[in-house]
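Asks: Before we start, here is the structure in question, set down as structure tokens.
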Amino acid sequence: MRRHFGHQNWWPGRTRFEVILGALLTQNTSWANVEKALANLRQARALSPEKLTSLPAGRLARLLRPSGYFRQKTRAVQGFLRHLNNGYQGSLARLLRRPTAELRAELLALSGIGEETADSILLYAAGRPVFVIDAYTRRVLARHGLASAQARYDELQSFFERHLPADPALYNDFHAQLVAVGKTFCHRERPDCAACPLGVELERSHARA
DNA sequence: GGCCAGGACACCA
DNA sequence: TGGTGTCATGGC
């Protein structure tokens, strides 16, 4: 996959805080729309926990509007900031220093943060070896017969974590590569498996076996 | 004009 | 536990 697409350099974001905001804002939303919202925040000089905390909900909602679901996302962002301020004196470094399992549970307890968003934060902002499962990953695995379409999140996650070394840098780009494969070759209506680098490699490996 | 995008959650049986 | 509706903008 990397030979075909090159390193994907995920996650786009200048700071860890920006990565976290991106994880919250990209839920069921194209990254292009997320970038518009992040650009709004940057222009408003609100891309830090302190500045963002001081923003009234109405103003924050207007800035987040291009990313869609802006009312929900406003609540999610403010909920995260409340947790950060109440539990960690607003220090992202302190929060992200928590042991992986505890941090994951804390994130999941916040409203607006589910498994994928929590794991994106763990991997891309905190650098933990946690494999992220998203809709593209599901589609690619199902398309290649590597997992059932109904498999649970944790089943798919352990599939990767069992078979790959626990290396955050590897997980990082591996997930991004799967998304690239999903976007490029695993279309719902007209998948192009013949040209798919993953499909070709799997065919080779089956032929060898 | 319809479909979909790097989901989460409430509600229901 | 599993299925369904809702949330919303913007690009194609």
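In the structure tokens, chains take the letters A, B, ... in the order shown, each chain's residues start at 1, and ligands count up from 1 in the order shown.
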Output the contact residues of chain A with respect to chain B at a cut-off of 6 Å, based on only C-alpha atoms (C1' of nucleotides), as a PyMOL selection string.

Replies: chain A and resi 27-30+112

Asks: The selected residues should be written to file as a PDB file, in the first residue's frame (atoms: C-alpha atoms).

Replies:
```pdb
ATOM      1  CA  GLN A  27     -16.890  12.409  12.700  1.00  0.00           C
ATOM      2  CA  ASN A  28     -18.889  11.382   9.624  1.00  0.00           C
ATOM      3  CA  THR A  29     -17.477  14.412   7.830  1.00  0.00           C
ATOM      4  CA  SER A  30     -15.014  14.969   5.005  1.00  0.00           C
ATOM      5  CA  GLY A 112     -19.417  12.874  21.721  1.00  0.00           C
TER       6      GLY A 112
END
```

Asks: Show me which bits of chain C are within 8 Å of chain A, counting only C-alpha atoms (C1' of nucleotides), as a ChimeraX atom specification.

Replies: /C:7-10

Asks: What is the distance between atom CA of Ile20 of chain A and atom CA of Met1 of chain A, in Å to one decimal?

Replies: 26.2 Å

Asks: Could you tell me how far atom CA of Tyr136 of chain A lies from atom CA of Gln78 of chain A, in Å and to one decimal?

Replies: 28.1 Å

Asks: For the atom pair atom CA of Ala194 of chain A and atom CA of His7 of chain A, what is the interatomic distance in Å to one decimal place?

Replies: 22.0 Å

Asks: Please report, as a ChimeraX atom specification, each residue of segment 3-189 of chain A to which DSSP assigns alpha helix (DSSP H) when run on this structure's backbone.

Replies: /A:3-5,16-25,31-43,49-53,57-64,70-88,92-96,100-109,115-120,135-143,153-163,168-184

Asks: Mind checking which residues fall within 9 Å of Tyr171 of chain A, counting only C-alpha atoms (C1' of nucleotides), ignoring those fewer than 4 positions away in the same chain, and posting them as a list of chain:residue names?

Replies: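 Returned residues: A:Leu123, A:Pro129, A:Val130, A:Phe131, A:Val132, A:Phe160, A:Glu161, A:Leu164, A:Pro165, A:Ala166, A:Asp167, A:His175, A:Ala176.
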
Asks: Find the residues around Thr53 of chain A up to 9 Å (only C-alpha atoms (C1' of nucleotides) counted), leave out those fewer than 4 positions away in its own chain, and share them as a VMD selection string.

Replies: chain A and resid 46 48 to 49 78 81 to 82 85
